>>> print(open('target_14.tsv').read())   # TSV, N, CA and C atoms
chain	number	residue	atom	x	y	z
B	1	MET	N	-6.62	19.17	8.86
B	1	MET	CA	-7.16	17.84	8.79
B	1	MET	C	-6.91	17.32	7.38
B	2	ASP	N	-6.09	16.32	7.29
B	2	ASP	CA	-5.83	15.72	5.98
B	2	ASP	C	-6.91	14.68	5.66
B	3	GLU	N	-6.79	14.06	4.50
B	3	GLU	CA	-7.82	13.12	4.06
B	3	GLU	C	-7.93	11.90	4.97
B	4	ALA	N	-6.80	11.42	5.48
B	4	ALA	CA	-6.82	10.26	6.37
B	4	ALA	C	-7.60	10.58	7.65
B	5	ALA	N	-7.37	11.75	8.22
B	5	ALA	CA	-8.11	12.16	9.42
B	5	ALA	C	-9.58	12.37	9.09
B	6	PHE	N	-9.86	13.04	7.97
B	6	PHE	CA	-11.24	13.28	7.56
B	6	PHE	C	-12.01	11.97	7.45
B	7	ASN	N	-11.41	10.97	6.85
B	7	ASN	CA	-12.09	9.68	6.64
B	7	ASN	C	-12.41	8.96	7.94
B	8	ARG	N	-11.73	9.31	9.01
B	8	ARG	CA	-12.04	8.72	10.32
B	8	ARG	C	-13.20	9.45	11.01
B	9	HIS	N	-13.54	10.64	10.53
B	9	HIS	CA	-14.58	11.47	11.13
B	9	HIS	C	-14.46	11.50	12.66
B	10	PRO	N	-13.31	12.01	13.15
B	10	PRO	CA	-13.12	12.03	14.61
B	10	PRO	C	-14.20	12.85	15.30
B	11	PHE	N	-14.79	12.27	16.33
B	11	PHE	CA	-15.84	12.94	17.10
B	11	PHE	C	-17.02	13.36	16.22
B	12	GLY	N	-17.17	12.71	15.08
B	12	GLY	CA	-18.23	13.07	14.13
B	12	GLY	C	-17.85	14.22	13.21
B	13	HIS	N	-16.64	14.75	13.37
B	13	HIS	CA	-16.23	15.89	12.55
B	13	HIS	C	-16.12	15.47	11.08
B	14	GLY	N	-16.62	16.33	10.22
B	14	GLY	CA	-16.57	16.09	8.78
B	14	GLY	C	-17.76	15.31	8.24
B	15	GLU	N	-18.60	14.79	9.11
B	15	GLU	CA	-19.72	13.97	8.64
B	15	GLU	C	-20.74	14.73	7.81
B	16	ASN	N	-20.77	16.05	7.93
B	16	ASN	CA	-21.73	16.85	7.16
B	16	ASN	C	-21.22	17.20	5.77
B	17	TYR	N	-20.08	16.67	5.39
B	17	TYR	CA	-19.51	16.90	4.06
B	17	TYR	C	-19.44	15.57	3.33
B	18	PRO	N	-19.94	15.51	2.10
B	18	PRO	CA	-19.98	14.23	1.39
B	18	PRO	C	-18.62	13.68	0.96
B	19	SER	N	-17.62	14.55	0.92
B	19	SER	CA	-16.30	14.09	0.48
B	19	SER	C	-15.21	14.96	1.09
B	20	TYR	N	-13.99	14.43	1.10
B	20	TYR	CA	-12.86	15.23	1.56
B	20	TYR	C	-12.64	16.42	0.64
B	21	ARG	N	-12.86	16.22	-0.63
B	21	ARG	CA	-12.67	17.31	-1.60
B	21	ARG	C	-13.55	18.51	-1.25
B	22	GLN	N	-14.82	18.24	-0.95
B	22	GLN	CA	-15.72	19.34	-0.58
B	22	GLN	C	-15.29	19.94	0.76
B	23	PHE	N	-14.92	19.10	1.72
B	23	PHE	CA	-14.45	19.60	3.01
B	23	PHE	C	-13.25	20.52	2.82
B	24	ALA	N	-12.28	20.09	2.03
B	24	ALA	CA	-11.06	20.88	1.81
B	24	ALA	C	-11.38	22.23	1.16
B	25	ALA	N	-12.40	22.27	0.32
B	25	ALA	CA	-12.76	23.51	-0.38
B	25	ALA	C	-13.58	24.46	0.49
B	26	GLU	N	-14.47	23.90	1.31
B	26	GLU	CA	-15.46	24.73	2.02
B	26	GLU	C	-15.27	24.79	3.53
B	27	ALA	N	-14.28	24.07	4.05
B	27	ALA	CA	-14.17	23.94	5.51
B	27	ALA	C	-12.71	23.99	5.93
B	28	ALA	N	-12.49	23.74	7.19
B	28	ALA	CA	-11.13	23.71	7.75
B	28	ALA	C	-11.14	22.80	8.96
B	29	GLY	N	-9.96	22.31	9.34
B	29	GLY	CA	-9.90	21.46	10.51
B	29	GLY	C	-8.48	21.09	10.87
B	30	ALA	N	-8.32	20.64	12.11
B	30	ALA	CA	-7.01	20.21	12.61
B	30	ALA	C	-7.23	19.11	13.63
B	31	VAL	N	-6.27	18.20	13.70
B	31	VAL	CA	-6.36	17.09	14.66
B	31	VAL	C	-5.03	16.89	15.35
B	32	VAL	N	-5.07	16.21	16.49
B	32	VAL	CA	-3.87	15.77	17.19
B	32	VAL	C	-3.92	14.25	17.25
B	33	TRP	N	-2.86	13.62	16.74
B	33	TRP	CA	-2.73	12.17	16.77
B	33	TRP	C	-1.85	11.77	17.94
B	34	ARG	N	-2.22	10.71	18.63
B	34	ARG	CA	-1.39	10.11	19.67
B	34	ARG	C	-1.48	8.60	19.50
B	35	GLU	N	-0.36	7.97	19.32
B	35	GLU	CA	-0.29	6.51	19.22
B	35	GLU	C	-1.33	5.95	18.24
B	36	GLY	N	-1.42	6.57	17.08
B	36	GLY	CA	-2.28	6.07	16.01
B	36	GLY	C	-3.75	6.41	16.11
B	37	GLU	N	-4.14	7.21	17.10
B	37	GLU	CA	-5.54	7.61	17.19
B	37	GLU	C	-5.64	9.13	17.33
B	38	ILE	N	-6.76	9.65	16.89
B	38	ILE	CA	-7.01	11.08	17.00
B	38	ILE	C	-7.58	11.34	18.39
B	39	VAL	N	-6.91	12.19	19.16
B	39	VAL	CA	-7.34	12.46	20.54
B	39	VAL	C	-7.95	13.85	20.71
B	40	ALA	N	-7.77	14.71	19.72
B	40	ALA	CA	-8.37	16.05	19.77
B	40	ALA	C	-8.60	16.50	18.33
B	41	SER	N	-9.64	17.31	18.15
B	41	SER	CA	-9.98	17.76	16.80
B	41	SER	C	-10.79	19.05	16.87
B	42	ALA	N	-10.56	19.91	15.92
B	42	ALA	CA	-11.40	21.10	15.71
B	42	ALA	C	-11.69	21.15	14.22
B	43	SER	N	-12.93	21.33	13.87
B	43	SER	CA	-13.26	21.39	12.44
B	43	SER	C	-14.56	22.13	12.22
B	44	SER	N	-14.83	22.38	10.94
B	44	SER	CA	-16.09	22.98	10.55
B	44	SER	C	-17.19	21.95	10.72
B	45	PHE	N	-18.21	22.30	11.47
B	45	PHE	CA	-19.37	21.44	11.60
B	45	PHE	C	-20.27	21.61	10.37
B	46	LEU	N	-20.46	22.86	9.99
B	46	LEU	CA	-21.24	23.24	8.82
B	46	LEU	C	-20.56	24.43	8.15
B	47	SER	N	-20.83	24.61	6.87
B	47	SER	CA	-20.33	25.81	6.20
B	47	SER	C	-21.32	26.24	5.13
B	48	LEU	N	-21.38	27.55	4.93
B	48	LEU	CA	-22.26	28.11	3.91
B	48	LEU	C	-21.75	29.49	3.54
B	49	ASP	N	-21.51	29.68	2.28
B	49	ASP	CA	-21.13	31.00	1.76
B	49	ASP	C	-19.97	31.64	2.52
B	50	GLY	N	-18.94	30.85	2.82
B	50	GLY	CA	-17.76	31.39	3.47
B	50	GLY	C	-17.88	31.58	4.97
B	51	GLU	N	-18.96	31.08	5.55
B	51	GLU	CA	-19.13	31.14	7.00
B	51	GLU	C	-19.18	29.71	7.52
B	52	ILE	N	-18.49	29.46	8.63
B	52	ILE	CA	-18.44	28.11	9.17
B	52	ILE	C	-18.78	28.10	10.66
B	53	GLU	N	-19.24	26.95	11.11
B	53	GLU	CA	-19.53	26.70	12.52
B	53	GLU	C	-18.42	25.81	13.05
B	54	LEU	N	-17.70	26.28	14.04
B	54	LEU	CA	-16.58	25.54	14.62
B	54	LEU	C	-17.08	24.53	15.64
B	55	ASP	N	-16.50	23.34	15.59
B	55	ASP	CA	-16.78	22.30	16.57
B	55	ASP	C	-15.43	21.77	17.07
B	56	VAL	N	-15.31	21.58	18.37
B	56	VAL	CA	-14.03	21.12	18.94
B	56	VAL	C	-14.31	20.02	19.97
B	57	SER	N	-13.46	18.99	19.95
B	57	SER	CA	-13.61	17.87	20.88
B	57	SER	C	-12.25	17.31	21.27
B	58	THR	N	-12.20	16.78	22.49
B	58	THR	CA	-10.99	16.12	22.99
B	58	THR	C	-11.40	14.90	23.78
B	59	LYS	N	-10.67	13.80	23.58
B	59	LYS	CA	-10.95	12.60	24.39
B	59	LYS	C	-10.76	12.95	25.85
B	60	GLU	N	-11.61	12.42	26.69
B	60	GLU	CA	-11.66	12.79	28.10
B	60	GLU	C	-10.29	12.70	28.78
B	61	GLU	N	-9.55	11.65	28.52
B	61	GLU	CA	-8.27	11.47	29.21
B	61	GLU	C	-7.19	12.46	28.77
B	62	HIS	N	-7.46	13.26	27.73
B	62	HIS	CA	-6.50	14.25	27.25
B	62	HIS	C	-6.97	15.68	27.49
B	63	ARG	N	-8.11	15.84	28.12
B	63	ARG	CA	-8.64	17.19	28.37
B	63	ARG	C	-7.75	17.93	29.36
B	64	GLY	N	-7.68	19.24	29.19
B	64	GLY	CA	-6.88	20.08	30.08
B	64	GLY	C	-5.42	20.13	29.72
B	65	SER	N	-5.05	19.54	28.60
B	65	SER	CA	-3.63	19.50	28.21
B	65	SER	C	-3.29	20.49	27.10
B	66	GLY	N	-4.26	21.29	26.67
B	66	GLY	CA	-4.00	22.29	25.64
B	66	GLY	C	-4.16	21.79	24.21
B	67	LEU	N	-4.57	20.55	24.03
B	67	LEU	CA	-4.70	20.00	22.68
B	67	LEU	C	-5.84	20.64	21.91
B	68	ALA	N	-6.96	20.89	22.58
B	68	ALA	CA	-8.08	21.55	21.91
B	68	ALA	C	-7.67	22.94	21.44
B	69	ALA	N	-6.98	23.67	22.28
B	69	ALA	CA	-6.53	25.02	21.91
B	69	ALA	C	-5.58	24.97	20.72
B	70	ALA	N	-4.71	23.97	20.68
B	70	ALA	CA	-3.79	23.83	19.54
B	70	ALA	C	-4.56	23.57	18.26
B	71	CYS	N	-5.57	22.71	18.33
B	71	CYS	CA	-6.39	22.43	17.15
B	71	CYS	C	-7.15	23.67	16.70
B	72	VAL	N	-7.74	24.38	17.65
B	72	VAL	CA	-8.49	25.60	17.31
B	72	VAL	C	-7.56	26.63	16.68
B	73	ALA	N	-6.38	26.83	17.24
B	73	ALA	CA	-5.44	27.81	16.69
B	73	ALA	C	-5.08	27.47	15.24
B	74	LYS	N	-4.80	26.21	14.99
B	74	LYS	CA	-4.45	25.77	13.62
B	74	LYS	C	-5.63	25.98	12.68
B	75	MET	N	-6.81	25.59	13.14
B	75	MET	CA	-8.00	25.73	12.30
B	75	MET	C	-8.32	27.19	12.00
B	76	LEU	N	-8.22	28.05	13.01
B	76	LEU	CA	-8.49	29.47	12.79
B	76	LEU	C	-7.51	30.07	11.79
B	77	GLY	N	-6.26	29.63	11.84
B	77	GLY	CA	-5.28	30.08	10.85
B	77	GLY	C	-5.70	29.69	9.43
B	78	GLN	N	-6.18	28.47	9.27
B	78	GLN	CA	-6.66	28.02	7.96
B	78	GLN	C	-7.85	28.86	7.51
B	79	CYS	N	-8.75	29.14	8.46
B	79	CYS	CA	-9.93	29.94	8.13
B	79	CYS	C	-9.55	31.35	7.71
B	80	MET	N	-8.58	31.93	8.39
B	80	MET	CA	-8.11	33.26	8.01
B	80	MET	C	-7.53	33.23	6.61
B	81	ASP	N	-6.73	32.20	6.30
B	81	ASP	CA	-6.13	32.07	4.96
B	81	ASP	C	-7.19	31.93	3.88
B	82	LYS	N	-8.30	31.27	4.20
B	82	LYS	CA	-9.37	31.04	3.23
B	82	LYS	C	-10.42	32.15	3.23
B	83	GLY	N	-10.31	33.08	4.17
B	83	GLY	CA	-11.26	34.19	4.24
B	83	GLY	C	-12.61	33.80	4.84
B	84	PHE	N	-12.65	32.76	5.64
B	84	PHE	CA	-13.89	32.31	6.26
B	84	PHE	C	-14.22	33.13	7.50
B	85	THR	N	-15.50	33.33	7.75
B	85	THR	CA	-15.99	33.88	8.99
B	85	THR	C	-16.34	32.69	9.88
B	86	VAL	N	-15.87	32.71	11.13
B	86	VAL	CA	-16.05	31.57	12.03
B	86	VAL	C	-17.05	31.91	13.12
B	87	HIS	N	-17.98	30.99	13.34
B	87	HIS	CA	-18.96	31.09	14.42
B	87	HIS	C	-18.70	29.94	15.38
B	88	TRP	N	-18.86	30.19	16.66
B	88	TRP	CA	-18.61	29.17	17.67
B	88	TRP	C	-19.80	29.10	18.60
B	89	ASP	N	-20.50	28.00	18.56
B	89	ASP	CA	-21.67	27.78	19.39
B	89	ASP	C	-21.21	27.06	20.67
B	90	ALA	N	-20.65	27.81	21.58
B	90	ALA	CA	-20.09	27.24	22.82
B	90	ALA	C	-21.22	26.78	23.73
B	91	GLN	N	-21.47	25.47	23.74
B	91	GLN	CA	-22.62	24.94	24.45
B	91	GLN	C	-22.35	24.53	25.88
B	92	ASN	N	-21.11	24.67	26.34
B	92	ASN	CA	-20.81	24.36	27.74
B	92	ASN	C	-19.73	25.33	28.24
B	93	GLU	N	-19.50	25.33	29.52
B	93	GLU	CA	-18.56	26.30	30.11
B	93	GLU	C	-17.13	26.11	29.61
B	94	THR	N	-16.71	24.87	29.40
B	94	THR	CA	-15.36	24.62	28.90
B	94	THR	C	-15.19	25.21	27.51
B	95	SER	N	-16.18	24.97	26.65
B	95	SER	CA	-16.14	25.51	25.29
B	95	SER	C	-16.20	27.04	25.31
B	96	LYS	N	-17.05	27.57	26.18
B	96	LYS	CA	-17.17	29.03	26.30
B	96	LYS	C	-15.84	29.66	26.72
B	97	HIS	N	-15.17	29.05	27.69
B	97	HIS	CA	-13.88	29.56	28.15
B	97	HIS	C	-12.85	29.52	27.02
B	98	LEU	N	-12.83	28.44	26.27
B	98	LEU	CA	-11.88	28.33	25.16
B	98	LEU	C	-12.20	29.36	24.07
B	99	ALA	N	-13.48	29.54	23.78
B	99	ALA	CA	-13.87	30.54	22.78
B	99	ALA	C	-13.42	31.94	23.20
B	100	GLN	N	-13.60	32.26	24.48
B	100	GLN	CA	-13.18	33.57	24.98
B	100	GLN	C	-11.66	33.72	24.90
B	101	LYS	N	-10.93	32.65	25.11
B	101	LYS	CA	-9.47	32.67	25.00
B	101	LYS	C	-9.03	33.12	23.60
B	102	PHE	N	-9.84	32.77	22.60
B	102	PHE	CA	-9.54	33.15	21.22
B	102	PHE	C	-10.30	34.41	20.79
B	103	ALA	N	-10.79	35.17	21.76
B	103	ALA	CA	-11.41	36.48	21.55
B	103	ALA	C	-12.77	36.43	20.86
B	104	PHE	N	-13.45	35.29	20.92
B	104	PHE	CA	-14.83	35.24	20.45
B	104	PHE	C	-15.70	35.94	21.48
B	105	GLU	N	-16.73	36.61	20.99
B	105	GLU	CA	-17.64	37.33	21.87
B	105	GLU	C	-19.05	36.79	21.71
B	106	VAL	N	-19.82	36.83	22.79
B	106	VAL	CA	-21.20	36.37	22.75
B	106	VAL	C	-22.02	37.36	21.92
B	107	GLU	N	-22.69	36.83	20.91
B	107	GLU	CA	-23.56	37.66	20.10
B	107	GLU	C	-24.97	37.67	20.69
B	108	GLU	N	-25.43	36.49	21.09
B	108	GLU	CA	-26.70	36.37	21.78
B	108	GLU	C	-26.72	35.03	22.50
B	109	GLU	N	-27.51	34.94	23.55
B	109	GLU	CA	-27.63	33.69	24.29
B	109	GLU	C	-28.98	33.06	23.97
B	110	TYR	N	-29.00	31.74	23.98
B	110	TYR	CA	-30.22	31.00	23.72
B	110	TYR	C	-30.13	29.62	24.36
B	111	SER	N	-31.25	28.94	24.47
B	111	SER	CA	-31.29	27.61	25.07
B	111	SER	C	-31.01	26.56	24.01
B	112	VAL	N	-30.37	25.48	24.45
B	112	VAL	CA	-30.10	24.34	23.58
B	112	VAL	C	-30.76	23.13	24.21
B	113	TYR	N	-31.47	22.37	23.42
B	113	TYR	CA	-32.16	21.17	23.91
B	113	TYR	C	-31.59	19.95	23.21
B	114	TYR	N	-31.49	18.84	23.94
B	114	TYR	CA	-31.06	17.59	23.34
B	114	TYR	C	-31.72	16.43	24.06
B	115	LYS	N	-31.81	15.32	23.38
B	115	LYS	CA	-32.40	14.12	23.95
B	115	LYS	C	-31.28	13.25	24.47
B	116	ALA	N	-31.26	13.02	25.78
B	116	ALA	CA	-30.18	12.29	26.42
B	116	ALA	C	-30.34	10.77	26.32
B	117	GLU	N	-31.54	10.30	26.09
B	117	GLU	CA	-31.80	8.86	26.01
B	117	GLU	C	-32.49	8.52	24.70
B	118	LYS	N	-32.32	7.27	24.31
B	118	LYS	CA	-33.06	6.78	23.13
B	118	LYS	C	-34.50	6.52	23.54
B	119	ILE	N	-35.38	6.71	22.63
B	119	ILE	CA	-36.80	6.44	22.88
B	119	ILE	C	-37.08	4.97	22.74
>>> encode(input="target_14.tsv", output="structure tokens")
Amino acid sequence: MDEAAFNRHPFGHGENYPSYRQFAAEAAGAVVWREGEIVASASSFLSLDGEIELDVSTKEEHRGSGLAAACVAKMLGQCMDKGFTVHWDAQNETSKHLAQKFAFEVEEEYSVYYKAEKI
């Protein structure tokens, strides 16, 4: 993920970092551009002491085309080069399947809660 992609915060990626400089130092990411827009992205959601939380997203009309896997592969390569430990909080079956494809293993299972509507 270069600075131009970071500044667009695709799918909210990079929003937890105050600057591209900090993101480049403490995180990793990759995007796929199509016709001037980012259609898939994988990046660090959070990072601390060389450990990062991976987040991956693809625009609905591009799902199932392997773009998320390409982003994850690129990002994992960056993480290996930087010596980062990667955690993947696969919150749905699609994400879980992709995580397993990259040999991630379940450490523990837990419930996730979210508010679907505004109050």
>>> closest_residue(input="target_14.tsv", among="B:Val72, B:Val86, B:Ala27, B:Val106", to="Ala40 of chain B", atoms="all atoms listed in the file")
B:Val72
>>> closest_residue(input="target_14.tsv", among="B:Ser65, B:Trp33, B:Lys101, B:Gly50", to="Lys82 of chain B", atoms="only N, CA and C atoms")
B:Gly50
>>> residues_around(input="target_14.tsv", residues="segment 15-26 of chain B", least_positions_apart="5", cutoff="8 Å", atoms="only N, CA and C atoms", output="PyMOL selection string")
chain B and resi 1-3+6-10+44-52
>>> atom_distance(input="target_14.tsv", atom1="atom N of Glu117 of chain B", atom2="atom CA of Ala5 of chain B")
28.8 Å
>>> residues_around(input="target_14.tsv", residues="Ala68 of chain B", least_positions_apart="6", cutoff="7 Å", atoms="all atoms listed in the file", output="PyMOL selection string")
chain B and resi 40-42+56-58
>>> atom_distance(input="target_14.tsv", atom1="atom CA of Gln91 of chain B", atom2="atom CA of Tyr113 of chain B")
10.3 Å
>>> atom_distance(input="target_14.tsv", atom1="atom N of Lys74 of chain B", atom2="atom N of Tyr110 of chain B")
26.4 Å
>>> select_by_dssp(input="target_14.tsv", residues="chain B", states="strand (DSSP E or B)", output="ChimeraX atom specification")
/B:29-34,37-48,51-58,85-88
>>> closest_residue(input="target_14.tsv", among="B:Gln78, B:Val39, B:Phe104, B:Ser95", to="Glu60 of chain B", atoms="all atoms listed in the file")
B:Val39
>>> residues_around(input="target_14.tsv", residues="Glu107 of chain B", least_positions_apart="4", cutoff="12 Å", atoms="only C-alpha atoms", output="PyMOL selection string")
chain B and resi 87-90
>>> closest_residue(input="target_14.tsv", among="B:Phe11, B:Val31, B:Ser43, B:Leu76", to="Ala103 of chain B", atoms="only C-alpha atoms")
B:Leu76
